[in-house]
$ cat entry05.csv   # CSV, C-alpha atoms
chain,number,residue,atom,x,y,z
D,1,MET,CA,-12.6,-5.2,-7.2
D,2,LYS,CA,-12.0,-1.5,-7.8
D,3,LEU,CA,-9.2,-0.1,-9.9
D,4,GLY,CA,-7.3,3.1,-8.8
D,5,ILE,CA,-3.9,4.7,-8.7
D,6,ILE,CA,-1.3,6.1,-6.3
D,7,ALA,CA,-1.1,9.8,-7.1
D,8,ALA,CA,0.1,13.2,-5.9
D,9,VAL,CA,-2.3,15.3,-3.8
D,10,ASN,CA,-3.6,17.8,-6.3
D,11,GLU,CA,-6.6,18.4,-8.5
D,12,GLU,CA,-4.9,17.1,-11.7
D,13,SER,CA,-4.6,13.6,-10.1
D,14,PHE,CA,-8.4,13.6,-9.8
D,15,VAL,CA,-8.8,14.8,-13.4
D,16,GLN,CA,-6.5,12.1,-14.8
D,17,ALA,CA,-8.1,9.4,-12.7
D,18,ASN,CA,-11.5,10.4,-14.1
D,19,ASN,CA,-10.2,10.5,-17.6
D,20,ARG,CA,-8.8,7.0,-17.2
D,21,GLY,CA,-12.0,5.6,-15.8
D,22,LEU,CA,-10.5,4.8,-12.5
D,23,SER,CA,-12.4,4.5,-9.2
D,24,PHE,CA,-10.1,5.9,-6.6
D,25,LEU,CA,-6.8,7.6,-5.7
D,26,GLU,CA,-4.3,6.4,-3.1
D,27,PHE,CA,-2.1,8.9,-1.2
D,28,THR,CA,1.2,8.0,0.4
D,29,ILE,CA,2.5,10.4,3.0
D,30,ASN,CA,5.9,9.0,3.6
D,31,GLU,CA,8.9,9.8,5.8
D,32,GLY,CA,10.0,13.3,4.8
D,33,ASP,CA,6.5,14.3,3.8
D,34,SER,CA,4.6,16.7,6.0
D,35,VAL,CA,1.6,15.0,7.7
D,36,ASP,CA,0.3,18.4,8.9
D,37,GLU,CA,0.4,19.8,5.4
D,38,PHE,CA,-1.6,16.8,4.1
D,39,THR,CA,-4.2,17.1,6.9
D,40,ARG,CA,-4.7,20.8,6.1
D,41,GLN,CA,-5.7,19.8,2.6
D,42,VAL,CA,-8.4,17.3,3.7
D,43,ASP,CA,-11.4,19.6,3.0
D,44,GLN,CA,-10.0,20.5,-0.4
D,45,ILE,CA,-9.4,16.8,-1.2
D,46,ALA,CA,-13.0,16.0,-0.2
D,47,GLU,CA,-14.2,18.7,-2.6
D,48,TRP,CA,-12.2,17.3,-5.5
D,49,SER,CA,-13.4,13.8,-4.6
D,50,PHE,CA,-17.0,14.9,-4.8
D,51,LYS,CA,-16.5,17.0,-7.9
D,52,TYR,CA,-14.9,14.2,-10.0
D,53,GLY,CA,-16.6,11.2,-8.5
D,54,ILE,CA,-13.2,9.7,-7.4
D,55,GLU,CA,-13.0,8.0,-4.0
D,56,ILE,CA,-10.0,7.9,-1.7
D,57,GLY,CA,-9.1,4.2,-1.6
D,58,SER,CA,-6.1,4.2,0.8
D,59,ILE,CA,-3.8,6.4,2.8
D,60,GLY,CA,-0.4,5.1,3.8
D,61,ARG,CA,2.9,6.0,5.4
D,62,TRP,CA,6.2,4.3,4.4
D,63,LYS,CA,9.8,4.3,5.6
D,64,SER,CA,9.3,5.8,9.0
D,65,LEU,CA,10.8,4.5,12.3
D,66,ARG,CA,8.1,3.3,14.7
D,67,ILE,CA,10.1,1.6,17.3
D,68,ASP,CA,13.2,2.9,19.1
D,69,THR,CA,16.4,1.0,20.1
D,70,GLN,CA,14.8,0.1,23.5
D,71,GLY,CA,11.8,-1.5,21.9
D,72,ALA,CA,9.4,1.4,22.7
D,73,ILE,CA,6.9,2.9,20.3
D,74,ILE,CA,8.0,6.3,19.1
D,75,ARG,CA,5.1,8.4,20.2
D,76,GLU,CA,5.6,11.3,17.8
D,77,GLU,CA,5.4,8.8,14.9
D,78,LEU,CA,2.3,7.1,16.4
D,79,GLU,CA,0.6,10.6,16.6
D,80,ARG,CA,1.4,11.2,12.9
D,81,CYS,CA,-0.3,7.9,12.0
D,82,PHE,CA,-3.3,8.9,14.2
D,83,LYS,CA,-3.6,12.1,12.2
D,84,LEU,CA,-3.6,10.2,8.9
D,85,ILE,CA,-6.2,7.8,10.3
D,86,ASP,CA,-8.3,10.9,11.2
D,87,ALA,CA,-7.9,12.1,7.6
D,88,ALA,CA,-8.9,8.8,6.2
D,89,ALA,CA,-12.0,8.8,8.4
D,90,THR,CA,-13.0,12.3,7.2
D,91,LEU,CA,-12.5,11.3,3.6
D,92,ASN,CA,-14.5,8.0,3.9
D,93,CYS,CA,-11.2,6.2,3.1
D,94,PRO,CA,-11.4,2.6,4.3
D,95,SER,CA,-7.7,1.8,4.5
D,96,PHE,CA,-4.6,3.0,6.4
D,97,VAL,CA,-1.3,1.3,5.7
D,98,ALA,CA,1.9,1.3,7.7
D,99,GLY,CA,5.0,-0.8,8.3
D,100,CYS,CA,7.2,-1.5,11.3
D,101,ASN,CA,11.0,-1.3,11.5
D,102,TYR,CA,13.3,-4.0,12.8
D,103,VAL,CA,15.6,-3.0,15.6
D,104,GLU,CA,18.9,-4.8,15.4
D,105,GLU,CA,19.6,-4.4,19.1
D,106,LEU,CA,16.6,-6.5,19.9
D,107,SER,CA,15.7,-10.2,19.4
D,108,LEU,CA,13.1,-11.3,16.9
D,109,TYR,CA,10.7,-12.0,19.7
D,110,GLU,CA,11.2,-8.5,21.1
D,111,ASN,CA,10.7,-7.0,17.6
D,112,CYS,CA,7.5,-8.9,17.0
D,113,THR,CA,6.2,-7.9,20.4
D,114,ALA,CA,7.0,-4.3,19.7
D,115,ALA,CA,5.3,-4.5,16.3
D,116,ILE,CA,2.2,-6.1,17.8
D,117,SER,CA,2.0,-3.2,20.3
D,118,PHE,CA,2.4,-0.6,17.5
D,119,PHE,CA,-0.3,-2.1,15.3
D,120,SER,CA,-2.5,-2.8,18.3
D,121,GLU,CA,-2.6,1.0,19.0
D,122,LEU,CA,-3.3,1.8,15.4
D,123,ILE,CA,-6.2,-0.8,15.3
D,124,ALA,CA,-7.7,0.5,18.6
D,125,TYR,CA,-7.6,4.1,17.3
D,126,ALA,CA,-8.9,3.3,13.8
D,127,LYS,CA,-11.6,0.8,14.5
D,128,PRO,CA,-14.3,3.2,15.8
D,129,LYS,CA,-13.5,5.4,12.8
D,130,ASN,CA,-14.3,2.5,10.4
D,131,VAL,CA,-10.7,2.5,9.0
D,132,ALA,CA,-8.9,-0.8,8.5
D,133,VAL,CA,-5.2,-0.9,9.4
D,134,SER,CA,-2.8,-3.0,7.3
D,135,SER,CA,0.9,-3.8,7.2
D,136,TYR,CA,2.7,-3.8,3.9
D,137,ASN,CA,5.0,-6.3,2.2
D,138,CYS,CA,7.5,-3.7,1.0
D,139,ARG,CA,10.9,-4.1,2.7
D,140,LYS,CA,11.6,-0.4,3.2
D,141,VAL,CA,12.0,0.2,6.9
D,142,ASN,CA,9.7,-2.8,7.5
D,143,PHE,CA,10.2,-6.4,8.5
D,144,VAL,CA,6.5,-7.4,8.5
D,145,ASN,CA,6.7,-8.6,4.9
D,146,THR,CA,6.7,-12.4,4.7
D,147,PRO,CA,4.4,-15.3,5.7
D,148,ASP,CA,6.8,-16.3,8.5
D,149,ILE,CA,6.3,-13.0,10.2
D,150,TRP,CA,2.6,-12.7,9.3
D,151,ARG,CA,2.0,-16.0,11.1
D,152,ILE,CA,3.3,-14.4,14.3
D,153,ILE,CA,2.0,-10.8,14.1
D,154,HIS,CA,-1.2,-11.2,12.0
D,155,GLY,CA,-1.8,-14.5,13.7
D,156,HIS,CA,-1.9,-12.6,17.0
D,157,LEU,CA,-3.9,-9.7,15.5
D,158,PRO,CA,-6.9,-11.0,13.6
D,159,GLU,CA,-8.0,-7.4,12.7
D,160,LEU,CA,-4.6,-6.5,11.1
D,161,GLY,CA,-4.8,-6.6,7.3
D,162,ILE,CA,-2.1,-6.9,4.6
D,163,LYS,CA,-1.4,-4.5,1.8
D,164,PHE,CA,0.2,-6.8,-0.8
D,165,ASP,CA,2.4,-6.0,-3.8
D,166,PRO,CA,3.5,-9.0,-5.9
D,167,SER,CA,6.7,-7.2,-7.1
D,168,HIS,CA,8.2,-7.3,-3.5
D,169,ALA,CA,7.7,-11.0,-3.3
D,170,ARG,CA,9.3,-11.4,-6.8
D,171,PHE,CA,12.3,-9.2,-6.1
D,172,PHE,CA,13.1,-11.1,-2.8
D,173,GLY,CA,12.5,-14.7,-3.9
D,174,GLY,CA,9.0,-15.2,-2.7
D,175,ASP,CA,6.1,-16.9,-4.4
D,176,TYR,CA,3.5,-14.2,-4.9
D,177,LEU,CA,0.8,-16.6,-6.1
D,178,GLN,CA,1.2,-18.9,-3.1
D,179,GLU,CA,1.3,-16.0,-0.7
D,180,THR,CA,-1.9,-14.7,-2.3
D,181,LEU,CA,-3.6,-18.0,-2.1
D,182,ASP,CA,-2.6,-18.5,1.5
D,183,TRP,CA,-3.1,-15.0,2.8
D,184,GLY,CA,-5.4,-13.3,0.3
D,185,HIS,CA,-8.2,-13.5,2.8
D,186,ARG,CA,-6.3,-11.0,4.9
D,187,PHE,CA,-5.5,-8.6,2.1
D,188,THR,CA,-7.2,-5.3,2.4
D,189,HIS,CA,-5.4,-3.4,-0.4
D,190,VAL,CA,-3.2,-4.4,-3.4
D,191,HIS,CA,-0.6,-2.5,-5.4
D,192,LEU,CA,-0.1,-3.2,-9.1
D,193,LYS,CA,3.6,-2.5,-9.8
D,194,GLY,CA,5.6,-4.1,-12.6
D,195,SER,CA,8.8,-6.1,-12.1
D,196,LEU,CA,11.5,-7.3,-14.3
D,197,LEU,CA,14.2,-9.8,-13.3
D,198,VAL,CA,17.0,-11.4,-15.3
D,199,ASN,CA,18.9,-14.3,-13.9
D,200,GLY,CA,17.3,-13.6,-10.5
D,201,GLN,CA,18.4,-10.0,-10.4
D,202,LYS,CA,16.2,-6.9,-10.4
D,203,VAL,CA,16.5,-5.0,-13.7
D,204,ASP,CA,13.5,-2.6,-13.8
D,205,GLU,CA,10.0,-1.8,-12.7
D,206,PRO,CA,8.1,-1.3,-16.0
D,207,PRO,CA,4.5,-0.3,-16.1
D,208,ALA,CA,2.3,-3.1,-14.7
D,209,GLY,CA,1.1,-5.3,-17.6
D,210,MET,CA,4.4,-4.7,-19.5
D,211,ASP,CA,6.4,-6.8,-17.1
D,212,GLN,CA,6.9,-10.5,-16.1
D,213,THR,CA,4.2,-10.8,-13.5
D,214,ASP,CA,1.5,-13.3,-14.4
D,215,TRP,CA,-1.2,-10.8,-13.8
D,216,PRO,CA,-4.1,-12.9,-15.1
D,217,SER,CA,-3.2,-15.7,-12.7
D,218,PHE,CA,-2.7,-13.1,-9.8
D,219,ILE,CA,-6.1,-11.6,-10.3
D,220,ALA,CA,-7.7,-15.1,-10.6
D,221,THR,CA,-5.9,-16.1,-7.3
D,222,LEU,CA,-7.2,-13.0,-5.6
D,223,ARG,CA,-10.7,-13.9,-6.6
D,224,ALA,CA,-10.1,-17.5,-5.4
D,225,ALA,CA,-9.0,-16.1,-2.1
D,226,GLY,CA,-12.2,-14.0,-1.8
D,227,TYR,CA,-10.5,-10.6,-2.3
D,228,ASP,CA,-12.8,-7.8,-3.4
D,229,GLY,CA,-10.8,-4.7,-2.4
D,230,GLY,CA,-8.9,-2.0,-4.2
D,231,LEU,CA,-6.2,-2.5,-6.9
D,232,SER,CA,-3.9,0.5,-7.0
D,233,ILE,CA,-1.6,1.1,-10.0
D,234,GLU,CA,1.8,2.2,-8.8
D,235,PRO,CA,3.6,4.3,-11.4
D,236,ARG,CA,7.4,4.0,-11.1
D,237,LYS,CA,10.4,5.6,-12.7
D,238,SER,CA,11.5,2.9,-15.2
D,239,ALA,CA,13.5,2.4,-18.3
D,240,LEU,CA,10.5,3.7,-20.3
D,241,PRO,CA,11.4,7.1,-21.7
D,242,ASP,CA,9.9,10.1,-19.8
D,243,HIS,CA,7.8,11.2,-22.7
D,244,LEU,CA,6.1,7.8,-22.6
D,245,ALA,CA,5.4,7.7,-18.9
D,246,ASP,CA,1.8,8.8,-19.1
D,247,LYS,CA,1.2,6.3,-21.9
D,248,GLY,CA,2.6,3.6,-19.7
D,249,VAL,CA,0.0,4.5,-17.0
D,250,ASP,CA,-2.7,4.5,-19.7
D,251,PHE,CA,-1.6,1.1,-20.8
D,252,SER,CA,-1.8,-0.3,-17.2
D,253,ALA,CA,-5.2,1.2,-16.6
D,254,ALA,CA,-6.6,-0.3,-19.9
D,255,TYR,CA,-4.9,-3.6,-19.3
D,256,PHE,CA,-6.3,-4.1,-15.8
D,257,LYS,CA,-9.8,-2.9,-16.8
D,258,LYS,CA,-9.8,-5.8,-19.3
D,259,LEU,CA,-8.6,-8.3,-16.6
D,260,LEU,CA,-11.5,-7.1,-14.4
D,261,LEU,CA,-13.9,-7.5,-17.4
D,262,GLU,CA,-14.7,-3.8,-17.3
D,263,ASP,CA,-13.7,-3.1,-20.9
$ encode --input "entry05.csv" --output "structure tokens"
Amino acid sequence: MKLGIIAAVNEESFVQANNRGLSFLEFTINEGDSVDEFTRQVDQIAEWSFKYGIEIGSIGRWKSLRIDTQGAIIREELERCFKLIDAAATLNCPSFVAGCNYVEELSLYENCTAAISFFSELIAYAKPKNVAVSSYNCRKVNFVNTPDIWRIIHGHLPELGIKFDPSHARFFGGDYLQETLDWGHRFTHVHLKGSLLVNGQKVDEPPAGMDQTDWPSFIATLRAAGYDGGLSIEPRKSALPDHLADKGVDFSAAYFKKLLLED
């Protein structure tokens, strides 16, 4: 497994990743971000990647509507995803991640059918470019986030992967170790984000390794499931004071390097 981090698109991100001994950066070009601005930076990103020896491990897009109220794919959004897949291919990035919104006006069957159509188009576009497409288990503008739905959509699409983050399972009452054991063979990318609950209620997202997640068991379960992909640290705004934020990321990097037996 390789250890990396979600970061901003600038040279300093590559410098910090290199200083922390990380292998890759992940970029998230979410709703409200300019896809065109990102794609214009692809050549510069490639130069930074070569200069610092840091790969691009994943590119994703969160919180966007993909399906309209009639159950049709929103073509403008599909084209944005295609542009990001093109960028991933140019950067030798193996992973593109997206979700799919639930349309309340439609039945569960219609929503699943629409999601299958959306992901099918992404897979068909990405496959010849050697980019794997994955859903994510975050709940933000996305219903493809639990085993019940995976059995339908991923069961129908054997080439669709899963980007997994144990914090989302924890915050919504799931069993992240069981989900990993059962579905880890479909994981293509993993986020490392801390989670703190008290009496079943979300309290904070501390730096990963300073939280309640049983990370040694999670990593061991990933190995048992045959996972050998990227582990991406996800820095979050937490109760940790701002002046300690960078030290929190340093802690997470050092902690997971030890779990991976790299330190």
$ atom_distance --input "entry05.csv" --atom1 "CA of Ser34 (chain D)" --atom2 "CA of Val190 (chain D)"
24.4 Å
$ closest_residue --input "entry05.csv" --among "D:Ala98, D:Gly229, D:Ala220, D:Glu234" --to "Leu259 (chain D)" --atoms "only C-alpha atoms"
D:Ala220
$ residues_near_point --input "entry05.csv" --point "(17.5, -5.3, 22.8)" --cutoff "12 Å" --atoms "all atoms listed in the file" --output "count of residues only"
18
$ closest_residue --input "entry05.csv" --among "D:Ile123, D:Cys138, D:Ala115, D:Asp175" --to "Ile153 (chain D)" --atoms "only C-alpha atoms"
D:Ala115
$ atom_distance --input "entry05.csv" --atom1 "CA of Phe172 (chain D)" --atom2 "CA of Trp215 (chain D)"
18.0 Å
$ residues_near_point --input "entry05.csv" --point "(-5.9, 5.5, 0.7)" --cutoff "7 Å" --atoms "only C-alpha atoms" --output "MDAnalysis selection string"
chainID D and resid 25:27 56:60 93 95:96
$ residues_around --input "entry05.csv" --residues "Ser64 (chain D)" --least-positions-apart "5" --cutoff "9 Å" --atoms "only C-alpha atoms" --output "mmCIF file with C-alpha atoms, in the frame of the given file"
data_model
loop_
_atom_site.group_PDB
_atom_site.id
_atom_site.type_symbol
_atom_site.label_atom_id
_atom_site.label_comp_id
_atom_site.auth_asym_id
_atom_site.auth_seq_id
_atom_site.Cartn_x
_atom_site.Cartn_y
_atom_site.Cartn_z
ATOM 1 C CA ASN D 30 5.900 9.000 3.600
ATOM 2 C CA GLU D 31 8.900 9.800 5.800
ATOM 3 C CA GLY D 32 10.000 13.300 4.800
ATOM 4 C CA GLU D 77 5.400 8.800 14.900
ATOM 5 C CA ALA D 98 1.900 1.300 7.700
ATOM 6 C CA GLY D 99 5.000 -0.800 8.300
ATOM 7 C CA CYS D 100 7.200 -1.500 11.300
ATOM 8 C CA ASN D 101 11.000 -1.300 11.500
ATOM 9 C CA LYS D 140 11.600 -0.400 3.200
ATOM 10 C CA VAL D 141 12.000 0.200 6.900
ATOM 11 C CA ASN D 142 9.700 -2.800 7.500
#
$ residues_around --input "entry05.csv" --residues "Leu197 (chain D)" --least-positions-apart "4" --cutoff "9 Å" --atoms "only C-alpha atoms" --output "ChimeraX atom specification"
/D:170-171,201-204,212
$ write_last_selection --input "entry05.csv" --atoms "C-alpha atoms" --output "PDB file, keeping the file's coordinate frame"
ATOM      1  CA  ARG D 170       9.300 -11.400  -6.800  1.00  0.00           C
ATOM      2  CA  PHE D 171      12.300  -9.200  -6.100  1.00  0.00           C
ATOM      3  CA  GLN D 201      18.400 -10.000 -10.400  1.00  0.00           C
ATOM      4  CA  LYS D 202      16.200  -6.900 -10.400  1.00  0.00           C
ATOM      5  CA  VAL D 203      16.500  -5.000 -13.700  1.00  0.00           C
ATOM      6  CA  ASP D 204      13.500  -2.600 -13.800  1.00  0.00           C
ATOM      7  CA  GLN D 212       6.900 -10.500 -16.100  1.00  0.00           C
TER       8      GLN D 212
END
$ closest_residue --input "entry05.csv" --among "D:His185, D:Arg139, D:Glu262, D:Lys257" --to "Arg223 (chain D)" --atoms "all atoms listed in the file"
D:His185
$ residues_around --input "entry05.csv" --residues "Met1 (chain D)" --least-positions-apart "6" --cutoff "9 Å" --atoms "all atoms listed in the file" --output "short mmCIF file (atom, residue, chain, number, x, y, z; two decimals) with C-alpha atoms, keeping the file's coordinate frame"
data_model
loop_
_atom_site.label_atom_id
_atom_site.label_comp_id
_atom_site.auth_asym_id
_atom_site.auth_seq_id
_atom_site.Cartn_x
_atom_site.Cartn_y
_atom_site.Cartn_z
CA ARG D 223 -10.70 -13.90 -6.60
CA TYR D 227 -10.50 -10.60 -2.30
CA ASP D 228 -12.80 -7.80 -3.40
CA GLY D 229 -10.80 -4.70 -2.40
CA GLY D 230 -8.90 -2.00 -4.20
CA LEU D 231 -6.20 -2.50 -6.90
CA LEU D 260 -11.50 -7.10 -14.40
#
$ closest_atom_pairs --input "entry05.csv" --of "region 185-227 of chain D" --to "region 5-11 of chain D" --cutoff "12 Å" --atoms "all atoms listed in the file" --output "Markdown table"
| residue | atom | partner | partner_atom | distance |
| --- | --- | --- | --- | --- |
| D:His189 | CA | D:Ile5 | CA | 11.7 |
| D:Val190 | CA | D:Ile5 | CA | 10.6 |
| D:His191 | CA | D:Ile5 | CA | 8.6 |
| D:Leu192 | CA | D:Ile5 | CA | 8.8 |
| D:Lys193 | CA | D:Ile5 | CA | 10.5 |
| D:Ala208 | CA | D:Ile5 | CA | 11.6 |
$ closest_residue --input "entry05.csv" --among "D:Val198, D:Leu3, D:Leu91, D:Leu22" --to "Ile45 (chain D)" --atoms "only C-alpha atoms"
D:Leu91
$ atom_distance --input "entry05.csv" --atom1 "CA of Ser252 (chain D)" --atom2 "CA of Gln178 (chain D)"
23.5 Å
$ residues_around --input "entry05.csv" --residues "Ile29 (chain D)" --least-positions-apart "6" --cutoff "9 Å" --atoms "only C-alpha atoms" --output "list in words"
Val35, Phe38, Ile59, Gly60, Arg61, Trp62 and Leu84 of chain D
$ write_last_selection --input "entry05.csv" --atoms "C-alpha atoms" --output "PDB file, keeping the file's coordinate frame"
ATOM      1  CA  VAL D  35       1.600  15.000   7.700  1.00  0.00           C
ATOM      2  CA  PHE D  38      -1.600  16.800   4.100  1.00  0.00           C
ATOM      3  CA  ILE D  59      -3.800   6.400   2.800  1.00  0.00           C
ATOM      4  CA  GLY D  60      -0.400   5.100   3.800  1.00  0.00           C
ATOM      5  CA  ARG D  61       2.900   6.000   5.400  1.00  0.00           C
ATOM      6  CA  TRP D  62       6.200   4.300   4.400  1.00  0.00           C
ATOM      7  CA  LEU D  84      -3.600  10.200   8.900  1.00  0.00           C
TER       8      LEU D  84
END
$ residues_around --input "entry05.csv" --residues "Gly173 (chain D)" --least-positions-apart "4" --cutoff "12 Å" --atoms "all atoms listed in the file" --output "mmCIF file with C-alpha atoms, in the coordinates of the input"
data_model
loop_
_atom_site.group_PDB
_atom_site.id
_atom_site.type_symbol
_atom_site.label_atom_id
_atom_site.label_comp_id
_atom_site.auth_asym_id
_atom_site.auth_seq_id
_atom_site.Cartn_x
_atom_site.Cartn_y
_atom_site.Cartn_z
ATOM 1 C CA THR D 146 6.700 -12.400 4.700
ATOM 2 C CA PRO D 166 3.500 -9.000 -5.900
ATOM 3 C CA SER D 167 6.700 -7.200 -7.100
ATOM 4 C CA HIS D 168 8.200 -7.300 -3.500
ATOM 5 C CA ALA D 169 7.700 -11.000 -3.300
ATOM 6 C CA GLU D 179 1.300 -16.000 -0.700
ATOM 7 C CA LEU D 197 14.200 -9.800 -13.300
ATOM 8 C CA ASN D 199 18.900 -14.300 -13.900
ATOM 9 C CA GLY D 200 17.300 -13.600 -10.500
ATOM 10 C CA GLN D 201 18.400 -10.000 -10.400
ATOM 11 C CA LYS D 202 16.200 -6.900 -10.400
#
$ closest_residue --input "entry05.csv" --among "D:Leu177, D:Asp242, D:Pro216, D:Ala88" --to "Asp43 (chain D)" --atoms "all atoms listed in the file"
D:Ala88
$ closest_residue --input "entry05.csv" --among "D:Ile162, D:Ala89, D:Val97, D:Leu244" --to "Lys127 (chain D)" --atoms "all atoms listed in the file"
D:Ala89
